[in-house]
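Inspection log for the structure reproduced underneath, given as structure tokens.
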Amino acid sequence: MYPSLSDAVMDNDLALVDLARKGVDVQYLYLLGDQSGFSKEELATLLGMAPKTIDNYRNHQKPVQNDQAEKLLMLLRLFARGQKLFGEIKEFRDWLYYPQPALEMRPPVNLLDSISGIRLVEECLDRIEHGYAA
């Protein structure tokens, strides 16, 4: 069983930053992998680390730190929001791979390796939630 993110972290950027600074349990990496369907290699690329680093975190039960922890939490929040908005994680994943006009016809998945990119994808979800085309 994976740990769950508190509502405070899901809804509050300051709480997310505070948690990221403390370090994030390595189990969140596996939670994101399960939710997103991304392979270990894809997760490593998104988080800016080597796949072997993920193994090292796991083997030593070392918390994920700094920018990688922040990205990890933001991606978990994004996938939770996407699942809620689209109803099923598969539908959200399909949307992530479809070019979006608001992103200059780039698939959102191509932006998930940076904090700014994650924010742009969140803005697309905001537009969808408010009834506008993404």
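Identifiers in this document derive from the order of the structure tokens: chains are assigned A, B, ..., residues are numbered from 1 separately in each chain, and ligands are numbered from 1 in order of occurrence.
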Give me, as a VMD selection string, all polymer residues having an atom no more than 8 Å from region 88-104 of chain A, counting only C-alpha atoms and skipping those fewer than 4 positions away in the same chain. chain A and resid 35 to 36 79 82 to 84 108 to 109 120 124 134
Selection file, all heavy atoms, as an mmCIF file, in the first residue's frame:
```
data_model
loop_
_atom_site.group_PDB
_atom_site.id
_atom_site.type_symbol
_atom_site.label_atom_id
_atom_site.label_comp_id
_atom_site.auth_asym_id
_atom_site.auth_seq_id
_atom_site.Cartn_x
_atom_site.Cartn_y
_atom_site.Cartn_z
ATOM 1 N N GLN A 35 0.162 4.968 -11.145
ATOM 2 C CA GLN A 35 -0.901 5.862 -11.610
ATOM 3 C C GLN A 35 -0.713 6.265 -13.065
ATOM 4 O O GLN A 35 -1.661 6.318 -13.826
ATOM 5 C CB GLN A 35 -0.962 7.127 -10.748
ATOM 6 C CG GLN A 35 -1.562 6.924 -9.406
ATOM 7 C CD GLN A 35 -1.671 8.229 -8.632
ATOM 8 O OE1 GLN A 35 -1.069 9.246 -8.973
ATOM 9 N NE2 GLN A 35 -2.452 8.192 -7.577
ATOM 10 N N SER A 36 0.510 6.541 -13.436
ATOM 11 C CA SER A 36 0.779 7.105 -14.761
ATOM 12 C C SER A 36 0.991 6.051 -15.840
ATOM 13 O O SER A 36 0.797 6.334 -17.015
ATOM 14 C CB SER A 36 2.031 7.988 -14.702
ATOM 15 O OG SER A 36 3.183 7.188 -14.456
ATOM 16 N N PHE A 79 -1.682 13.930 -11.925
ATOM 17 C CA PHE A 79 -2.379 12.695 -12.283
ATOM 18 C C PHE A 79 -3.648 12.499 -11.460
ATOM 19 O O PHE A 79 -4.660 12.023 -11.984
ATOM 20 C CB PHE A 79 -1.441 11.487 -12.197
ATOM 21 C CG PHE A 79 -0.709 11.265 -13.484
ATOM 22 C CD1 PHE A 79 0.457 11.965 -13.752
ATOM 23 C CD2 PHE A 79 -1.198 10.407 -14.448
ATOM 24 C CE1 PHE A 79 1.121 11.798 -14.957
ATOM 25 C CE2 PHE A 79 -0.549 10.233 -15.659
ATOM 26 C CZ PHE A 79 0.618 10.930 -15.919
ATOM 27 N N GLY A 82 -6.070 14.887 -13.067
ATOM 28 C CA GLY A 82 -6.470 14.381 -14.374
ATOM 29 C C GLY A 82 -7.460 13.241 -14.265
ATOM 30 O O GLY A 82 -8.440 13.177 -15.014
ATOM 31 N N GLN A 83 -7.223 12.343 -13.330
ATOM 32 C CA GLN A 83 -8.149 11.220 -13.134
ATOM 33 C C GLN A 83 -9.512 11.732 -12.690
ATOM 34 O O GLN A 83 -10.543 11.258 -13.175
ATOM 35 C CB GLN A 83 -7.594 10.239 -12.118
ATOM 36 C CG GLN A 83 -8.478 9.023 -11.936
ATOM 37 C CD GLN A 83 -7.845 7.975 -11.045
ATOM 38 O OE1 GLN A 83 -6.836 8.219 -10.388
ATOM 39 N NE2 GLN A 83 -8.442 6.808 -11.030
ATOM 40 N N LYS A 84 -9.521 12.699 -11.806
ATOM 41 C CA LYS A 84 -10.788 13.267 -11.333
ATOM 42 C C LYS A 84 -11.522 13.959 -12.482
ATOM 43 O O LYS A 84 -12.733 13.789 -12.642
ATOM 44 C CB LYS A 84 -10.510 14.252 -10.197
ATOM 45 C CG LYS A 84 -11.742 14.858 -9.599
ATOM 46 C CD LYS A 84 -11.384 15.793 -8.451
ATOM 47 C CE LYS A 84 -12.626 16.463 -7.903
ATOM 48 N NZ LYS A 84 -12.285 17.459 -6.879
ATOM 49 N N PRO A 108 0.911 17.276 -24.176
ATOM 50 C CA PRO A 108 1.280 17.655 -22.810
ATOM 51 C C PRO A 108 2.363 16.778 -22.205
ATOM 52 O O PRO A 108 3.210 17.276 -21.457
ATOM 53 C CB PRO A 108 -0.038 17.523 -22.042
ATOM 54 C CG PRO A 108 -1.086 17.750 -23.075
ATOM 55 C CD PRO A 108 -0.534 17.158 -24.334
ATOM 56 N N VAL A 109 2.388 15.506 -22.540
ATOM 57 C CA VAL A 109 3.388 14.609 -21.957
ATOM 58 C C VAL A 109 4.810 15.087 -22.240
ATOM 59 O O VAL A 109 5.710 14.861 -21.440
ATOM 60 C CB VAL A 109 3.177 13.150 -22.424
ATOM 61 C CG1 VAL A 109 3.560 12.971 -23.889
ATOM 62 C CG2 VAL A 109 3.907 12.171 -21.536
ATOM 63 N N LEU A 120 2.099 24.498 -17.128
ATOM 64 C CA LEU A 120 1.352 24.730 -18.367
ATOM 65 C C LEU A 120 0.267 23.670 -18.566
ATOM 66 O O LEU A 120 -0.853 23.986 -18.984
ATOM 67 C CB LEU A 120 2.301 24.750 -19.569
ATOM 68 C CG LEU A 120 3.199 25.970 -19.690
ATOM 69 C CD1 LEU A 120 4.265 25.742 -20.753
ATOM 70 C CD2 LEU A 120 2.368 27.202 -20.016
ATOM 71 N N CYS A 124 -3.917 24.017 -18.699
ATOM 72 C CA CYS A 124 -4.834 23.380 -19.659
ATOM 73 C C CYS A 124 -5.979 22.689 -18.928
ATOM 74 O O CYS A 124 -7.140 22.778 -19.338
ATOM 75 C CB CYS A 124 -4.095 22.368 -20.533
ATOM 76 S SG CYS A 124 -3.043 23.082 -21.786
ATOM 77 N N ALA A 134 -8.940 23.255 -24.276
ATOM 78 C CA ALA A 134 -7.566 23.288 -23.777
ATOM 79 C C ALA A 134 -6.659 23.705 -24.889
ATOM 80 O O ALA A 134 -5.607 24.173 -24.736
ATOM 81 C CB ALA A 134 -7.160 21.927 -23.230
#
```
Using only C-alpha atoms, which protein or nucleic acid residues come within 6 Å of region 63-65 of chain A? Drop anything in the same chain fewer than 5 positions from it, and give the result as a ChimeraX atom specification. /A:23-26
Next, dump the selected residues to file, keeping only N, CA, C and O atoms, as a PDB file, in the first residue's frame.
```
ATOM      1  N   GLY A  23      11.828  16.096   1.997  1.00  0.00           N
ATOM      2  CA  GLY A  23      12.120  14.826   1.338  1.00  0.00           C
ATOM      3  C   GLY A  23      10.852  14.002   1.246  1.00  0.00           C
ATOM      4  O   GLY A  23       9.991  14.061   2.122  1.00  0.00           O
ATOM      5  N   VAL A  24      10.740  13.263   0.169  1.00  0.00           N
ATOM      6  CA  VAL A  24       9.527  12.512  -0.127  1.00  0.00           C
ATOM      7  C   VAL A  24       9.852  11.022  -0.126  1.00  0.00           C
ATOM      8  O   VAL A  24      10.828  10.589  -0.748  1.00  0.00           O
ATOM      9  N   ASP A  25       9.042  10.263   0.547  1.00  0.00           N
ATOM     10  CA  ASP A  25       9.208   8.807   0.614  1.00  0.00           C
ATOM     11  C   ASP A  25       9.333   8.231  -0.793  1.00  0.00           C
ATOM     12  O   ASP A  25       8.574   8.588  -1.695  1.00  0.00           O
ATOM     13  N   VAL A  26      10.283   7.341  -0.979  1.00  0.00           N
ATOM     14  CA  VAL A  26      10.533   6.716  -2.280  1.00  0.00           C
ATOM     15  C   VAL A  26       9.301   5.978  -2.800  1.00  0.00           C
ATOM     16  O   VAL A  26       9.146   5.807  -4.015  1.00  0.00           O
TER      17      VAL A  26
END
```
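What separates CA of Ala80 (chain A) from CA of Arg58 (chain A) is a distance of 23.0 Å.
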Excluding region 67-71 of chain A and any residue of its chain fewer than 6 positions from it, enumerate the residues within 8 Å of it, using only C-alpha atoms, and give them as a PyMOL selection string. chain A and resi 16-17+20-21+23-24+47-48+114-115
Let me see the file: selected residues, N, CA and C atoms, as an mmCIF file, in the first residue's frame.
```
data_model
loop_
_atom_site.group_PDB
_atom_site.id
_atom_site.type_symbol
_atom_site.label_atom_id
_atom_site.label_comp_id
_atom_site.auth_asym_id
_atom_site.auth_seq_id
_atom_site.Cartn_x
_atom_site.Cartn_y
_atom_site.Cartn_z
ATOM 1 N N LEU A 16 3.096 21.811 -0.568
ATOM 2 C CA LEU A 16 3.850 20.939 -1.472
ATOM 3 C C LEU A 16 5.342 21.253 -1.383
ATOM 4 N N VAL A 17 5.692 22.533 -1.402
ATOM 5 C CA VAL A 17 7.097 22.934 -1.317
ATOM 6 C C VAL A 17 7.689 22.500 0.022
ATOM 7 N N ALA A 20 8.314 18.797 -0.080
ATOM 8 C CA ALA A 20 9.441 18.502 -0.974
ATOM 9 C C ALA A 20 10.766 18.810 -0.290
ATOM 10 N N ARG A 21 10.815 19.888 0.463
ATOM 11 C CA ARG A 21 12.054 20.258 1.159
ATOM 12 C C ARG A 21 12.439 19.246 2.237
ATOM 13 N N GLY A 23 11.828 16.096 1.997
ATOM 14 C CA GLY A 23 12.120 14.826 1.338
ATOM 15 C C GLY A 23 10.852 14.002 1.246
ATOM 16 N N VAL A 24 10.740 13.263 0.169
ATOM 17 C CA VAL A 24 9.527 12.512 -0.127
ATOM 18 C C VAL A 24 9.852 11.022 -0.126
ATOM 19 N N LEU A 47 11.960 13.118 -14.015
ATOM 20 C CA LEU A 47 12.475 13.675 -12.768
ATOM 21 C C LEU A 47 13.925 14.135 -12.853
ATOM 22 N N GLY A 48 14.555 13.907 -14.008
ATOM 23 C CA GLY A 48 15.932 14.350 -14.196
ATOM 24 C C GLY A 48 16.938 13.537 -13.415
ATOM 25 N N SER A 114 9.624 19.351 -16.772
ATOM 26 C CA SER A 114 10.008 20.600 -16.125
ATOM 27 C C SER A 114 8.848 21.127 -15.290
ATOM 28 N N ILE A 115 9.178 21.878 -14.270
ATOM 29 C CA ILE A 115 8.148 22.455 -13.405
ATOM 30 C C ILE A 115 7.283 23.427 -14.194
#
```
So that I can check the secondary structure, give me every residue of region 8-97 of chain A assigned alpha helix (DSSP H) by backbone DSSP, as an NGL selection string. :A and (8-11 or 13-22 or 27-36 or 40-47 or 51-60 or 66-86 or 89-96)
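The set of residues in region 8-114 of chain A assigned to strand (DSSP E or B) by DSSP, using only backbone atoms of this structure, is Val24, Val64, Gln100 and Arg106 of chain A.
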Export N, CA and C atoms of the chosen residues as an mmCIF file, in the first residue's frame?
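What follows is the written file again21.cif:
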```cif
data_model
loop_
_atom_site.group_PDB
_atom_site.id
_atom_site.type_symbol
_atom_site.label_atom_id
_atom_site.label_comp_id
_atom_site.auth_asym_id
_atom_site.auth_seq_id
_atom_site.Cartn_x
_atom_site.Cartn_y
_atom_site.Cartn_z
ATOM 1 N N VAL A 24 10.740 13.263 0.169
ATOM 2 C CA VAL A 24 9.527 12.512 -0.127
ATOM 3 C C VAL A 24 9.852 11.022 -0.126
ATOM 4 N N VAL A 64 13.379 11.021 -1.650
ATOM 5 C CA VAL A 64 13.635 11.843 -2.834
ATOM 6 C C VAL A 64 13.711 13.290 -2.351
ATOM 7 N N GLN A 100 -2.099 19.539 -28.175
ATOM 8 C CA GLN A 100 -3.074 20.509 -27.678
ATOM 9 C C GLN A 100 -2.815 21.893 -28.280
ATOM 10 N N ARG A 106 1.680 20.789 -29.103
ATOM 11 C CA ARG A 106 2.563 19.821 -28.458
ATOM 12 C C ARG A 106 1.730 18.909 -27.567
#
```
